[in-house]
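Novice: Dropping in entry_25.txt, with compact mmCIF, C-alpha atoms.
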```txt
# COMPACT_ATOMS: atom_id res chain seq x y z
CA MET A 282 50.39 0.10 -36.32
CA GLY A 283 51.04 0.08 -40.06
CA ARG A 284 52.94 -2.81 -41.51
CA GLU A 285 55.15 -0.30 -43.30
CA ALA A 286 56.61 0.65 -39.91
CA TRP A 287 58.05 -2.85 -39.52
CA SER A 288 61.40 -3.43 -41.16
CA LEU A 289 62.69 -6.65 -42.71
CA TRP A 290 65.10 -8.89 -40.82
CA GLU A 291 67.06 -11.92 -41.96
CA VAL A 292 67.14 -14.89 -39.60
CA PHE A 293 70.00 -17.30 -38.97
CA VAL A 294 69.71 -20.42 -36.84
CA ARG A 295 72.47 -22.56 -35.40
CA SER A 296 71.00 -26.00 -34.89
CA ARG A 297 73.60 -27.06 -32.33
CA ALA A 298 76.86 -25.97 -30.79
CA GLY A 299 79.83 -26.28 -33.15
CA LEU A 300 77.87 -25.77 -36.36
CA ALA A 301 77.62 -22.49 -38.26
CA HIS A 302 74.51 -20.31 -38.22
CA GLN A 303 72.44 -20.99 -41.34
CA HIS A 304 70.10 -18.57 -43.05
CA VAL A 305 66.54 -19.84 -42.66
CA GLY A 306 64.37 -16.98 -43.88
CA SER A 307 63.19 -13.50 -43.04
CA LEU A 308 60.50 -11.71 -41.07
CA HIS A 309 59.15 -8.30 -40.16
CA ALA A 310 59.60 -6.65 -36.78
CA ALA A 311 59.53 -3.19 -35.24
CA ASP A 312 62.95 -3.49 -33.58
CA ALA A 313 65.75 -5.91 -32.75
CA GLU A 314 64.12 -7.34 -29.64
CA MET A 315 60.88 -8.07 -31.44
CA ALA A 316 62.81 -9.52 -34.36
CA LEU A 317 64.52 -11.97 -32.04
CA GLU A 318 61.24 -12.99 -30.41
CA ASN A 319 59.49 -13.33 -33.76
CA ALA A 320 62.38 -15.42 -35.07
CA ARG A 321 62.06 -17.66 -32.03
CA ASP A 322 58.33 -18.08 -32.67
CA VAL A 323 58.45 -18.48 -36.44
CA TYR A 324 61.65 -20.47 -36.99
CA THR A 325 62.36 -22.48 -33.83
CA ARG A 326 58.92 -23.85 -32.99
CA ARG A 327 60.08 -27.44 -33.16
CA GLY A 328 63.39 -27.19 -31.39
CA GLU A 329 65.35 -26.39 -34.55
CA GLY A 330 67.84 -24.13 -32.89
CA ALA A 331 70.23 -23.55 -30.03
CA SER A 332 71.17 -20.04 -31.14
CA LEU A 333 69.57 -17.30 -33.22
CA TRP A 334 70.88 -14.30 -35.12
CA VAL A 335 68.66 -11.61 -36.57
CA VAL A 336 70.23 -9.11 -38.96
CA PRO A 337 68.58 -6.04 -40.50
CA ALA A 338 68.05 -6.93 -44.16
CA THR A 339 69.49 -3.51 -45.06
CA ALA A 340 72.83 -4.65 -43.59
CA ILE A 341 73.17 -7.39 -46.18
CA VAL A 342 75.38 -6.53 -49.16
CA ALA A 343 74.38 -8.72 -52.07
CA SER A 344 76.02 -9.58 -55.37
CA ASP A 345 74.23 -8.56 -58.53
CA PRO A 346 72.60 -11.49 -60.35
CA ALA A 347 73.35 -9.70 -63.65
CA ASP A 348 77.08 -10.00 -62.90
CA SER A 349 77.02 -13.67 -62.11
CA SER A 350 78.70 -14.88 -65.31
CA SER A 351 81.76 -12.69 -64.75
CA PHE A 352 81.65 -12.58 -60.95
CA PHE A 353 81.52 -16.29 -60.25
CA ALA A 354 83.90 -19.01 -61.39
CA LEU A 355 81.36 -20.98 -63.35
CA ASP A 356 83.67 -22.59 -65.95
CA GLU A 357 86.83 -23.21 -63.96
CA GLU A 358 86.29 -26.91 -63.78
CA PHE A 359 89.96 -27.52 -63.01
CA ARG A 360 89.36 -26.09 -59.55
CA HIS A 361 87.16 -29.01 -58.66
CA PRO A 362 89.11 -31.83 -57.02
CA THR A 363 87.56 -34.39 -59.36
CA HIS A 364 90.54 -35.20 -61.60
CA TYR A 365 92.44 -37.32 -59.14
CA VAL A 366 92.43 -41.09 -59.19
CA VAL A 367 91.86 -42.27 -55.68
CA PRO A 368 93.72 -45.53 -55.10
CA ASP A 369 91.73 -48.50 -53.91
CA GLY A 370 91.88 -48.94 -50.20
CA VAL A 371 92.09 -45.27 -49.33
CA THR A 372 89.37 -44.46 -46.88
CA GLY A 373 88.33 -41.39 -45.00
CA ILE A 374 87.97 -39.12 -48.04
CA MET B 194 42.48 -37.43 -2.24
CA GLY B 195 39.30 -35.49 -1.61
CA ASP B 196 37.16 -33.39 -3.88
CA HIS B 197 39.09 -30.26 -2.97
CA SER B 198 42.13 -31.64 -4.80
CA VAL B 199 40.15 -32.16 -7.99
CA GLU B 200 38.55 -28.73 -7.64
CA ALA B 201 41.87 -27.02 -7.02
CA LEU B 202 43.46 -28.58 -10.11
CA LEU B 203 40.44 -27.77 -12.27
CA ARG B 204 40.66 -24.12 -11.23
CA VAL B 205 44.09 -23.91 -12.81
CA GLY B 206 43.54 -26.40 -15.63
CA ASP B 207 40.25 -24.87 -16.75
CA SER B 208 41.78 -21.39 -16.74
CA CYS B 209 44.48 -22.65 -19.08
CA LEU B 210 41.99 -24.49 -21.30
CA VAL B 211 39.61 -21.56 -21.72
CA LEU B 212 42.44 -19.12 -22.42
CA ALA B 213 43.88 -21.50 -25.03
CA GLN B 214 40.50 -21.61 -26.74
CA ARG B 215 40.27 -17.82 -26.67
CA LEU B 216 43.76 -17.44 -28.16
CA THR B 217 43.03 -19.82 -31.01
CA GLY B 218 40.39 -17.30 -32.08
CA TRP B 219 43.27 -15.14 -33.29
CA CYS B 220 44.56 -17.83 -35.61
CA GLY B 221 44.65 -16.25 -39.06
CA HIS B 222 43.49 -12.87 -37.70
CA ALA B 223 46.42 -11.45 -35.71
CA PRO B 224 47.78 -8.02 -36.70
CA ALA B 225 50.89 -9.58 -38.28
CA LEU B 226 51.87 -13.04 -39.49
CA GLU B 227 54.65 -13.24 -36.92
CA GLU B 228 52.28 -12.42 -34.05
CA ASP B 229 49.73 -14.86 -35.41
CA ILE B 230 52.25 -17.65 -35.02
CA ALA B 231 53.38 -16.36 -31.62
CA LEU B 232 49.80 -16.42 -30.29
CA ALA B 233 49.22 -19.90 -31.71
CA ASN B 234 52.42 -21.08 -30.01
CA ILE B 235 51.27 -19.64 -26.70
CA ALA B 236 47.82 -21.20 -27.14
CA LEU B 237 49.42 -24.60 -27.70
CA ASP B 238 51.65 -24.23 -24.65
CA VAL B 239 48.74 -23.23 -22.45
CA LEU B 240 46.60 -26.03 -23.86
CA GLY B 241 49.40 -28.42 -22.94
CA HIS B 242 49.28 -27.18 -19.34
CA ALA B 243 45.51 -27.68 -19.32
CA ARG B 244 45.78 -31.24 -20.65
CA GLY B 245 48.24 -32.26 -17.96
CA LEU B 246 46.18 -30.76 -15.15
CA LEU B 247 42.82 -32.06 -16.41
CA THR B 248 44.26 -35.53 -16.86
CA ARG B 249 45.62 -35.46 -13.31
CA ALA B 250 42.34 -34.07 -11.94
CA GLY B 251 40.50 -36.93 -13.63
CA GLU B 252 42.88 -39.49 -12.11
CA LEU B 253 42.49 -38.04 -8.62
CA GLU B 254 38.73 -37.93 -9.04
CA GLY B 255 38.75 -41.65 -9.83
CA ALA B 256 35.46 -41.58 -11.74
CA GLY B 257 36.98 -42.59 -15.05
CA ARG B 258 36.93 -39.14 -16.63
CA ASP B 259 39.90 -38.40 -18.86
CA GLU B 260 41.01 -35.01 -20.23
CA ASP B 261 38.50 -35.22 -23.09
CA ALA B 262 35.58 -36.03 -20.83
CA LEU B 263 36.47 -33.07 -18.63
CA ALA B 264 37.13 -30.64 -21.48
CA TYR B 265 34.28 -31.57 -23.79
CA LEU B 266 31.49 -33.00 -21.68
CA ARG B 267 31.06 -30.50 -18.85
CA GLY B 268 28.68 -27.56 -18.93
CA ALA B 269 29.66 -23.98 -18.13
CA GLU B 270 28.61 -24.24 -14.47
CA GLU B 271 31.05 -27.14 -14.04
CA PHE B 272 34.01 -25.11 -15.24
CA ARG B 273 36.28 -23.58 -12.61
CA ASN B 274 38.28 -21.10 -14.67
CA LEU B 275 38.92 -17.47 -13.76
CA LEU B 276 36.43 -15.00 -15.22
CA LEU B 277 39.41 -13.15 -16.72
CA VAL B 278 40.19 -15.81 -19.31
CA GLU B 279 36.65 -16.15 -20.66
CA GLN B 280 36.47 -12.43 -21.49
CA PRO B 281 36.22 -11.87 -25.25
CA ASN B 282 39.33 -11.23 -27.32
CA GLY B 283 38.22 -7.67 -28.06
CA ASP B 284 40.83 -5.66 -29.94
CA PHE B 285 44.49 -6.64 -29.78
CA ALA B 286 44.98 -4.40 -26.72
CA HIS B 287 42.36 -6.40 -24.78
CA THR B 288 44.03 -9.67 -25.75
CA VAL B 289 47.43 -8.31 -24.72
CA VAL B 290 46.21 -7.02 -21.34
CA ARG B 291 44.31 -10.24 -20.57
CA GLN B 292 47.37 -12.29 -21.51
CA PHE B 293 49.72 -10.15 -19.46
CA LEU B 294 47.56 -10.29 -16.32
CA PHE B 295 47.30 -14.06 -16.75
CA ASP B 296 51.00 -14.63 -17.52
CA ALA B 297 52.06 -12.54 -14.53
CA TRP B 298 49.85 -14.82 -12.38
CA THR B 299 51.02 -18.15 -13.82
CA ALA B 300 54.65 -17.05 -13.60
CA GLU B 301 54.17 -17.11 -9.80
CA LEU B 302 51.69 -19.99 -9.75
CA TRP B 303 53.99 -22.54 -11.39
CA LYS B 304 56.73 -21.79 -8.86
CA GLY B 305 54.31 -22.73 -6.10
CA LEU B 306 52.93 -25.76 -7.94
CA ALA B 307 56.44 -27.03 -8.61
CA GLU B 308 56.60 -27.61 -4.82
CA SER B 309 53.36 -29.61 -4.87
CA SER B 310 53.12 -32.79 -2.81
CA ASP B 311 51.71 -34.41 -5.96
CA GLU B 312 54.68 -35.34 -8.11
CA VAL B 313 52.69 -35.30 -11.34
CA VAL B 314 51.50 -31.77 -10.66
CA ALA B 315 55.01 -30.69 -9.69
CA GLY B 316 56.33 -32.10 -12.97
CA ILE B 317 53.71 -30.29 -15.04
CA ALA B 318 54.50 -27.05 -13.21
CA GLU B 319 58.22 -27.36 -13.71
CA LYS B 320 57.83 -27.64 -17.48
CA ALA B 321 55.11 -25.00 -17.62
CA ALA B 322 57.27 -22.51 -15.72
CA LYS B 323 59.77 -22.41 -18.57
CA GLU B 324 57.08 -21.80 -21.16
CA SER B 325 55.27 -19.19 -19.08
CA ALA B 326 58.54 -17.34 -18.52
CA TYR B 327 58.58 -16.75 -22.27
CA HIS B 328 54.87 -15.88 -22.40
CA VAL B 329 55.20 -13.16 -19.79
CA ARG B 330 58.22 -11.75 -21.60
CA HIS B 331 56.19 -11.64 -24.80
CA SER B 332 53.06 -10.09 -23.31
CA SER B 333 55.05 -7.62 -21.16
CA GLY B 334 56.81 -6.51 -24.33
CA TRP B 335 53.49 -5.77 -26.00
CA VAL B 336 52.13 -3.95 -22.95
CA VAL B 337 55.13 -1.62 -23.01
CA ARG B 338 55.13 -1.21 -26.79
CA LEU B 339 51.45 -0.35 -27.02
CA GLY B 340 51.17 1.53 -23.72
CA ASP B 341 54.17 3.69 -24.55
CA GLY B 342 53.42 3.67 -28.26
CA THR B 343 51.20 5.99 -30.24
CA GLU B 344 48.32 8.07 -28.92
CA GLU B 345 45.94 5.52 -30.42
CA SER B 346 47.65 2.48 -28.92
CA HIS B 347 47.91 4.17 -25.50
CA ARG B 348 44.20 5.00 -25.58
CA ARG B 349 43.29 1.42 -26.48
CA MET B 350 45.52 -0.02 -23.75
CA LEU B 351 43.93 2.28 -21.17
CA ALA B 352 40.49 1.12 -22.25
CA ALA B 353 41.51 -2.55 -22.13
CA LEU B 354 43.06 -2.14 -18.69
CA GLU B 355 39.92 -0.44 -17.41
CA ASP B 356 37.71 -3.23 -18.81
CA LEU B 357 39.80 -6.16 -17.59
CA TRP B 358 41.25 -4.94 -14.28
CA PRO B 359 38.11 -5.88 -12.28
CA TYR B 360 38.75 -9.50 -13.30
CA ALA B 361 42.43 -9.46 -12.29
CA GLY B 362 41.98 -9.99 -8.57
CA GLU B 363 39.89 -13.17 -8.58
CA ALA B 364 43.01 -15.32 -8.83
CA PHE B 365 44.08 -14.22 -5.34
CA LEU B 366 40.85 -14.73 -3.38
CA ASP B 367 41.08 -17.78 -1.11
CA ASP B 368 38.11 -19.98 -0.24
CA GLU B 369 37.68 -23.21 1.71
CA VAL B 370 38.64 -25.36 -1.28
CA ASP B 371 41.96 -23.55 -1.54
CA VAL B 372 42.61 -23.83 2.18
CA ALA B 373 41.96 -27.60 2.11
CA ALA B 374 44.16 -28.09 -0.96
CA VAL B 375 46.90 -26.04 0.66
CA GLU B 376 46.70 -28.21 3.78
CA ALA B 377 47.32 -31.21 1.51
CA ARG B 378 50.27 -29.21 0.09
CA LEU B 379 48.81 -29.70 -3.39
CA VAL B 380 48.73 -26.04 -4.43
CA PRO B 381 50.02 -22.69 -3.14
CA LEU B 382 47.55 -20.41 -1.35
CA PRO B 383 46.10 -18.07 -4.00
CA SER B 384 46.54 -14.94 -1.86
CA SER B 385 50.24 -15.73 -1.37
CA LEU B 386 50.84 -15.03 -5.08
CA GLU B 387 49.36 -11.55 -5.02
CA LYS B 388 52.38 -9.62 -3.79
CA PRO B 389 54.87 -10.80 -6.45
CA TRP B 390 52.12 -10.51 -9.09
CA ARG B 391 51.47 -6.90 -8.13
CA ALA B 392 55.18 -6.11 -8.14
CA ARG B 393 55.53 -7.34 -11.71
CA VAL B 394 52.32 -5.73 -12.94
CA SER B 395 53.24 -2.36 -11.41
CA TYR B 396 56.72 -2.48 -12.86
CA VAL B 397 55.55 -3.27 -16.38
CA LEU B 398 52.65 -0.81 -16.35
CA GLU B 399 54.96 1.94 -15.19
CA GLU B 400 57.34 1.10 -18.01
CA ALA B 401 54.33 1.28 -20.34
CA THR B 402 53.31 4.71 -18.99
CA LEU B 403 49.99 3.17 -17.92
CA PRO B 404 48.54 3.82 -14.45
CA VAL B 405 47.87 0.89 -12.10
CA PRO B 406 44.08 1.16 -11.71
CA PRO B 407 42.69 1.44 -8.17
CA ASP B 408 41.35 -1.83 -6.76
CA PRO B 409 37.67 -2.25 -7.51
CA TRP B 410 35.34 -4.85 -6.03
CA TRP B 411 36.94 -7.85 -7.71
CA GLN B 412 34.60 -9.74 -10.01
CA ARG B 413 34.51 -13.32 -8.77
CA GLY B 414 32.71 -16.62 -9.03
CA GLY B 415 34.45 -18.33 -11.93
CA ARG B 416 36.46 -20.56 -9.62
CA GLN B 417 33.21 -21.67 -8.00
CA GLY B 418 31.40 -22.28 -11.31
CA ARG B 419 29.51 -18.99 -11.65
CA HIS B 420 30.43 -17.54 -15.01
CA SER B 421 29.69 -14.67 -17.34
CA GLU B 422 27.53 -15.37 -20.37
CA HIS B 423 30.65 -15.50 -22.54
CA LEU B 424 31.71 -18.94 -21.36
CA SER B 425 28.69 -20.83 -22.71
CA TYR B 426 29.29 -19.57 -26.22
CA LEU B 427 32.98 -20.39 -26.00
CA LEU B 428 32.24 -23.92 -24.78
CA ALA B 429 29.56 -24.48 -27.41
CA GLU B 430 32.13 -23.84 -30.10
CA MET B 431 34.88 -25.80 -28.37
CA GLN B 432 32.71 -28.82 -27.61
CA VAL B 433 30.46 -29.06 -30.66
CA VAL B 434 32.49 -31.62 -32.60
CA HIS B 435 33.04 -33.91 -29.64
CA ARG B 436 29.40 -33.73 -28.61
CA ALA B 437 28.20 -34.41 -32.17
CA HIS B 438 30.65 -37.29 -32.63
CA PRO B 439 31.45 -38.68 -29.17
CA GLY B 440 34.99 -40.01 -28.91
CA VAL B 441 35.90 -38.88 -32.42
CA GLN B 442 39.60 -38.84 -33.25
CA TRP B 443 41.60 -37.65 -36.22
```
Output the file's structure as structure tokens, nothing else.
Specialist:
Amino acid sequence: MGREAWSLWEVFVRSRAGLAHQHVGSLHAADAEMALENARDVYTRRGEGASLWVVPATAIVASDPADSSSFFALDEEFRHPTHYVVPDGVTGI
Amino acid sequence: MGDHSVEALLRVGDSCLVLAQRLTGWCGHAPALEEDIALANIALDVLGHARGLLTRAGELEGAGRDEDALAYLRGAEEFRNLLLVEQPNGDFAHTVVRQFLFDAWTAELWKGLAESSDEVVAGIAEKAAKESAYHVRHSSGWVVRLGDGTEESHRRMLAALEDLWPYAGEAFLDDEVDVAAVEARLVPLPSSLEKPWRARVSYVLEEATLPVPPDPWWQRGGRQGRHSEHLSYLLAEMQVVHRAHPGVQW
């Protein structure tokens, strides 16, 4: 079996119920079932996860790094909630 | 507890230990990185089963032998593993077929051992059952993929099945040790596992478009300490460090 026959999959792990699935890496597999088993073996060996997603890498739509200066709000500092004075005694923030 | 208890546990524990050693031979050599890690995971699981059973066998024996003494300081004729697991790794098809035949056996074996009158053994079996359930899923998947794969993979799987099938039946041949251990309700009777094992093997092989080979004269003797020449080489490699540096730890 040639490696070229195995497609690339992105792997997402949810560490416990209530949290979001986080991207942890990628792997190669021949189909969805093998991708799930490989993800289990490669990324959850030490009990890292309670749930796994595998997604064909071709299904990911990515932004273009060349566009990042116009695409992302890099200079809009006013959007950061850092200009407030938090009164003494306020907790829970 | 009599000698039959120790023998019966070694038959299972040694089979796990020798297979784990075989599987580690793939480390860094498997056909794909992902499968390399999968085989190493399985090897570690199976080694864990061996450690538990050897430790318990040593306790029941009462001669002061721990898991290391049993694993590293016995000769080939003192091992009680199935002949199946000492067979060489061969190509990936041989490893897959050997693993599948073994996993289909342990999947039934742990169910029986979970009912053992020995609570330690029952505990080991209960944990092992969960791990083996994954192993058999993994190896069944490969049997189907390669059996019903390309012309080349099908041919290799046929060859592997032909080579290894004569070793498949040993696990189900009862002898007086088994009967005594069953009377003590320590282990299930080997022959009682054959029917569900065959059902699973037939189902998966059919899915894989591979024929179930006709029953040959089953190769036997491993469980009584009579082994093929392969085991001595395997043990030499496995035991060399411990024998050169007794009690070494790192």
Novice: From (49.9, -30.5, -7.3), in the file's coordinates, out to 12 Å: which residues are reached, counting only C-alpha atoms? Answer as a tab-separated table (two decimals) with C-alpha atoms, in the coordinates of the input.
Specialist:
```tsv
chain	number	residue	atom	x	y	z
B	194	MET	CA	42.48	-37.43	-2.24
B	197	HIS	CA	39.09	-30.26	-2.97
B	198	SER	CA	42.13	-31.64	-4.80
B	199	VAL	CA	40.15	-32.16	-7.99
B	200	GLU	CA	38.55	-28.73	-7.64
B	201	ALA	CA	41.87	-27.02	-7.02
B	202	LEU	CA	43.46	-28.58	-10.11
B	203	LEU	CA	40.44	-27.77	-12.27
B	204	ARG	CA	40.66	-24.12	-11.23
B	205	VAL	CA	44.09	-23.91	-12.81
B	206	GLY	CA	43.54	-26.40	-15.63
B	245	GLY	CA	48.24	-32.26	-17.96
B	246	LEU	CA	46.18	-30.76	-15.15
B	247	LEU	CA	42.82	-32.06	-16.41
B	249	ARG	CA	45.62	-35.46	-13.31
B	250	ALA	CA	42.34	-34.07	-11.94
B	253	LEU	CA	42.49	-38.04	-8.62
B	302	LEU	CA	51.69	-19.99	-9.75
B	303	TRP	CA	53.99	-22.54	-11.39
B	304	LYS	CA	56.73	-21.79	-8.86
B	305	GLY	CA	54.31	-22.73	-6.10
B	306	LEU	CA	52.93	-25.76	-7.94
B	307	ALA	CA	56.44	-27.03	-8.61
B	308	GLU	CA	56.60	-27.61	-4.82
B	309	SER	CA	53.36	-29.61	-4.87
B	310	SER	CA	53.12	-32.79	-2.81
B	311	ASP	CA	51.71	-34.41	-5.96
B	312	GLU	CA	54.68	-35.34	-8.11
B	313	VAL	CA	52.69	-35.30	-11.34
B	314	VAL	CA	51.50	-31.77	-10.66
B	315	ALA	CA	55.01	-30.69	-9.69
B	316	GLY	CA	56.33	-32.10	-12.97
B	317	ILE	CA	53.71	-30.29	-15.04
B	318	ALA	CA	54.50	-27.05	-13.21
B	319	GLU	CA	58.22	-27.36	-13.71
B	374	ALA	CA	44.16	-28.09	-0.96
B	375	VAL	CA	46.90	-26.04	0.66
B	376	GLU	CA	46.70	-28.21	3.78
B	377	ALA	CA	47.32	-31.21	1.51
B	378	ARG	CA	50.27	-29.21	0.09
B	379	LEU	CA	48.81	-29.70	-3.39
B	380	VAL	CA	48.73	-26.04	-4.43
B	381	PRO	CA	50.02	-22.69	-3.14
B	382	LEU	CA	47.55	-20.41	-1.35
```
Novice: Determine the nearest neighbour of chain A from the options B:Glu422, B:Asp367, B:Glu345, B:Glu430, counting all atoms listed in the file.
Specialist: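 Looking at the shortest contact to chain A, the residue is B:Glu345.
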Novice: When you count only C-alpha atoms, which of these residues is closest to chain B: A:Val292, A:Ala310, A:Ala286, A:Leu333?
Specialist: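 Going through A:Val292, A:Ala310, A:Ala286, A:Leu333 one by one, the smallest distance to chain B is for A:Ala310.
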Novice: Show me a table, sorted first by chain and then by increasing residue number, of the residues of chain A having an atom at most 9 Å from chain B, each with its shortest atom pair and the distance in Å to one decimal, counting all atoms listed in the file and written as a Markdown table.
Specialist:
```
| residue | atom | partner | partner_atom | distance |
| --- | --- | --- | --- | --- |
| A:Met282 | CA | B:Ser346 | CA | 8.2 |
| A:Arg284 | CA | B:Ala225 | CA | 7.8 |
| A:Leu308 | CA | B:Glu227 | CA | 7.3 |
| A:His309 | CA | B:Glu227 | CA | 7.4 |
| A:Ala310 | CA | B:Glu227 | CA | 8.2 |
| A:Met315 | CA | B:Gly334 | CA | 8.3 |
| A:Glu318 | CA | B:His331 | CA | 7.7 |
| A:Asn319 | CA | B:Glu227 | CA | 5.8 |
| A:Ala320 | CA | B:Glu227 | CA | 8.2 |
| A:Arg321 | CA | B:Ala231 | CA | 8.8 |
| A:Asp322 | CA | B:Ala231 | CA | 5.3 |
| A:Val323 | CA | B:Ile230 | CA | 6.4 |
| A:Arg326 | CA | B:Asn234 | CA | 7.7 |
```
Novice: Out of B:Leu212, B:Cys220, B:Ala429, B:Met350, which residue has the shortest atom-to-atom distance to Ala286 (chain B) when counting all atoms listed in the file?
Specialist: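 Result for the nearest residue to Ala286 (chain B): B:Met350.
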Novice: Closest to Ala338 (chain A) among A:Ala354, A:Val366, A:Val305, A:Leu289, using all atoms listed in the file?
Specialist: A:Leu289
Novice: Within 10 Å of (54.5, -18.7, -21.0), only C-alpha atoms: residues as a PDB file with C-alpha atoms, in the frame of the given file?
Specialist:
```
ATOM      1  CA  ASN B 234      52.420 -21.080 -30.010  1.00  0.00           C
ATOM      2  CA  ILE B 235      51.270 -19.640 -26.700  1.00  0.00           C
ATOM      3  CA  ALA B 236      47.820 -21.200 -27.140  1.00  0.00           C
ATOM      4  CA  ASP B 238      51.650 -24.230 -24.650  1.00  0.00           C
ATOM      5  CA  VAL B 239      48.740 -23.230 -22.450  1.00  0.00           C
ATOM      6  CA  GLN B 292      47.370 -12.290 -21.510  1.00  0.00           C
ATOM      7  CA  PHE B 293      49.720 -10.150 -19.460  1.00  0.00           C
ATOM      8  CA  PHE B 295      47.300 -14.060 -16.750  1.00  0.00           C
ATOM      9  CA  ASP B 296      51.000 -14.630 -17.520  1.00  0.00           C
ATOM     10  CA  ALA B 297      52.060 -12.540 -14.530  1.00  0.00           C
ATOM     11  CA  THR B 299      51.020 -18.150 -13.820  1.00  0.00           C
ATOM     12  CA  ALA B 300      54.650 -17.050 -13.600  1.00  0.00           C
ATOM     13  CA  ALA B 321      55.110 -25.000 -17.620  1.00  0.00           C
ATOM     14  CA  ALA B 322      57.270 -22.510 -15.720  1.00  0.00           C
ATOM     15  CA  LYS B 323      59.770 -22.410 -18.570  1.00  0.00           C
ATOM     16  CA  GLU B 324      57.080 -21.800 -21.160  1.00  0.00           C
ATOM     17  CA  SER B 325      55.270 -19.190 -19.080  1.00  0.00           C
ATOM     18  CA  ALA B 326      58.540 -17.340 -18.520  1.00  0.00           C
ATOM     19  CA  TYR B 327      58.580 -16.750 -22.270  1.00  0.00           C
ATOM     20  CA  HIS B 328      54.870 -15.880 -22.400  1.00  0.00           C
ATOM     21  CA  VAL B 329      55.200 -13.160 -19.790  1.00  0.00           C
ATOM     22  CA  ARG B 330      58.220 -11.750 -21.600  1.00  0.00           C
ATOM     23  CA  HIS B 331      56.190 -11.640 -24.800  1.00  0.00           C
ATOM     24  CA  SER B 332      53.060 -10.090 -23.310  1.00  0.00           C
TER      25      SER B 332
END
```
Novice: So the first atom is CA of Pro409 (chain B) and the second is CA of Leu354 (chain B); what is the distance between them in Å, to one decimal place?
Specialist: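 Going from CA of Pro409 (chain B) over to CA of Leu354 (chain B) covers 12.4 Å.
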Novice: Need the shell around region 272-278 of chain B: protein/DNA/RNA residues with any atom at most 8 Å away, counting all atoms listed in the file. Skip same-chain ones fewer than 3 positions apart. Format as JSON, numbers by chain?
Specialist: {"B": [200, 203, 204, 205, 206, 207, 208, 209, 211, 212, 215, 267, 268, 269, 291, 295, 357, 360, 361, 363, 364, 412, 413, 414, 415, 416, 417, 418, 420, 421]}
Novice: Tell me which of B:Pro404, B:Gly251, B:Gly440, B:Pro389 sits closest to Trp298 (chain B), counting only C-alpha atoms.
Specialist: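 Under the stated criterion, the closest residue is B:Pro389.
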Novice: Just want the 10 Å neighbourhood of Gly330 (chain A), counted on all atoms listed in the file, with same-chain residues fewer than 6 positions away dropped. Output as a list in words.
Specialist: Phe293, Val294, Arg295, Ser296, Arg297, Ala298, His302, Arg321 and Tyr324 of chain A
Novice: Check the smallest atom-to-atom distance from each of A:Ala313, A:Leu300, A:Ala347, A:Leu355 to Ala331 (chain A) using only C-alpha atoms, then report the winner.
Specialist: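 Checking each of A:Ala313, A:Leu300, A:Ala347, A:Leu355 against Ala331 (chain A), counting only C-alpha atoms, the winner is A:Leu300.
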Novice: Just the number, please: distance in Å from CA of Leu398 (chain B) to CA of His287 (chain B), one decimal.
Specialist: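 Taking CA of Leu398 (chain B) and CA of His287 (chain B), their separation equals 14.4 Å.
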Novice: CA of Asp371 (chain B) and CA of Pro383 (chain B) are how many Å apart?
Specialist: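 Going from CA of Asp371 (chain B) over to CA of Pro383 (chain B), I get 7.3 Å.
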Novice: Got a moment to write region 327-334 of chain A out with N, CA, C and O atoms, as a PDB file, in the first residue's frame?
Specialist:
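So the final result, stored in result_11.pdb, reads:
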```pdb
ATOM      1  N   ARG A 327      -2.633   8.679  26.443  1.00  0.00           N
ATOM      2  CA  ARG A 327      -2.506   8.873  27.882  1.00  0.00           C
ATOM      3  C   ARG A 327      -3.778   9.471  28.477  1.00  0.00           C
ATOM      4  O   ARG A 327      -3.728  10.302  29.365  1.00  0.00           O
ATOM      5  N   GLY A 328      -4.894   9.029  27.917  1.00  0.00           N
ATOM      6  CA  GLY A 328      -6.177   9.454  28.471  1.00  0.00           C
ATOM      7  C   GLY A 328      -6.490  10.914  28.247  1.00  0.00           C
ATOM      8  O   GLY A 328      -7.183  11.538  29.050  1.00  0.00           O
ATOM      9  N   GLU A 329      -5.979  11.490  27.149  1.00  0.00           N
ATOM     10  CA  GLU A 329      -6.182  12.918  26.904  1.00  0.00           C
ATOM     11  C   GLU A 329      -7.629  13.269  26.554  1.00  0.00           C
ATOM     12  O   GLU A 329      -8.029  14.414  26.680  1.00  0.00           O
ATOM     13  N   GLY A 330      -8.367  12.301  26.058  1.00  0.00           N
ATOM     14  CA  GLY A 330      -9.643  12.689  25.483  1.00  0.00           C
ATOM     15  C   GLY A 330     -10.840  11.860  25.893  1.00  0.00           C
ATOM     16  O   GLY A 330     -10.721  10.703  26.265  1.00  0.00           O
ATOM     17  N   ALA A 331     -12.016  12.510  25.797  1.00  0.00           N
ATOM     18  CA  ALA A 331     -13.275  11.806  26.015  1.00  0.00           C
ATOM     19  C   ALA A 331     -14.077  11.771  24.725  1.00  0.00           C
ATOM     20  O   ALA A 331     -15.111  11.117  24.645  1.00  0.00           O
ATOM     21  N   SER A 332     -13.603  12.501  23.715  1.00  0.00           N
ATOM     22  CA  SER A 332     -14.293  12.531  22.432  1.00  0.00           C
ATOM     23  C   SER A 332     -13.306  12.958  21.352  1.00  0.00           C
ATOM     24  O   SER A 332     -12.420  13.756  21.596  1.00  0.00           O
ATOM     25  N   LEU A 333     -13.466  12.373  20.176  1.00  0.00           N
ATOM     26  CA  LEU A 333     -12.553  12.633  19.058  1.00  0.00           C
ATOM     27  C   LEU A 333     -13.333  13.042  17.817  1.00  0.00           C
ATOM     28  O   LEU A 333     -14.378  12.461  17.526  1.00  0.00           O
ATOM     29  N   TRP A 334     -12.811  14.010  17.093  1.00  0.00           N
ATOM     30  CA  TRP A 334     -13.297  14.291  15.743  1.00  0.00           C
ATOM     31  C   TRP A 334     -12.127  14.102  14.789  1.00  0.00           C
ATOM     32  O   TRP A 334     -11.000  14.529  15.093  1.00  0.00           O
TER      33      TRP A 334
END
```
